[in-house]
Amino acid sequence: MQEFAQLTAFCGAEGCENVTHVSALYCVGCREKYLEKALARFPEPPKGKTWIYFMRSGEDGPIKIGQSIDPTERAVYLQTGSAEKLWIETAMLGAPEIEGRLHARFIKHRIRGEWFKPAPDIQALIVWAKKAEKEARRKRLEIAMGSDIFDSK
């Protein structure tokens, strides 16, 4: 009889023929790819919450601090009227009033409306928010798919 630790199965990712531990859904390589894709999505926020996003215009351009139920859709909508490439630096779940608090906090860097200079304190907040949201998404995925998605057996 085989030990449980030695049981293997094929990776569950489409087109992948790698073998993984029977308790894991995907092989190590596909888990990393799946995680990257999953972390790039913005699921619909829970009732009373929204996505507070930080959108960049151009490589070193201004930063928009906004809120949306779907930041990716918002970026696509705004892109049609922008000469510069827009992208979401990060987004974090929060109450809608957080956006206004951030606007007030960074008022000295405001260019116009929701657009701000890429000042060091705003960029530091973005770095912090990226780390915090990545961990929060990872936890949401573990709950949704089971913790074995990240196990390296």
# chains A, B, ... in the order shown; residues from 1 in each chain; ligands from 1
>>> residues_around(residues="Gly94 of chain A", least_positions_apart="5", cutoff="12 Å", atoms="only C-alpha atoms", output="PDB file with C-alpha atoms, in the first residue's frame")
ATOM      1  CA  PRO A  45     -17.126  43.947  -3.221  1.00  0.00           C
ATOM      2  CA  PRO A  46     -19.375  42.986  -0.313  1.00  0.00           C
ATOM      3  CA  LYS A  47     -22.374  45.190   0.473  1.00  0.00           C
ATOM      4  CA  GLY A  48     -21.292  48.540   1.905  1.00  0.00           C
ATOM      5  CA  LYS A  49     -17.747  48.211   0.522  1.00  0.00           C
ATOM      6  CA  THR A  50     -16.080  49.415  -2.651  1.00  0.00           C
ATOM      7  CA  TRP A  51     -12.674  49.195  -4.278  1.00  0.00           C
ATOM      8  CA  ILE A  52     -10.470  52.181  -3.476  1.00  0.00           C
ATOM      9  CA  TYR A  53      -8.043  52.205  -6.393  1.00  0.00           C
ATOM     10  CA  GLY A  66     -10.839  56.769  -6.914  1.00  0.00           C
ATOM     11  CA  GLN A  67     -13.466  54.223  -6.015  1.00  0.00           C
ATOM     12  CA  SER A  68     -15.392  51.735  -8.108  1.00  0.00           C
ATOM     13  CA  ILE A  69     -17.177  48.413  -7.879  1.00  0.00           C
ATOM     14  CA  GLU A  99     -11.601  57.808  -0.875  1.00  0.00           C
ATOM     15  CA  GLY A 100     -12.551  61.255   0.488  1.00  0.00           C
ATOM     16  CA  ARG A 101     -10.242  60.825   3.457  1.00  0.00           C
ATOM     17  CA  LEU A 102      -7.342  60.015   1.138  1.00  0.00           C
ATOM     18  CA  ALA A 129      -1.772  48.716  -0.123  1.00  0.00           C
ATOM     19  CA  GLU A 133      -4.427  43.528  -0.697  1.00  0.00           C
TER      20      GLU A 133
END
>>> select_by_dssp(residues="segment 32-89 of chain A", states="alpha helix (DSSP H)", output="ChimeraX atom specification")
/A:32-40,71-79
>>> atom_distance(atom1="atom CA of Trp87 of chain A", atom2="atom CA of Cys30 of chain A")
25.3 Å
>>> atom_distance(atom1="atom CA of Pro118 of chain A", atom2="atom CA of Met55 of chain A")
10.7 Å
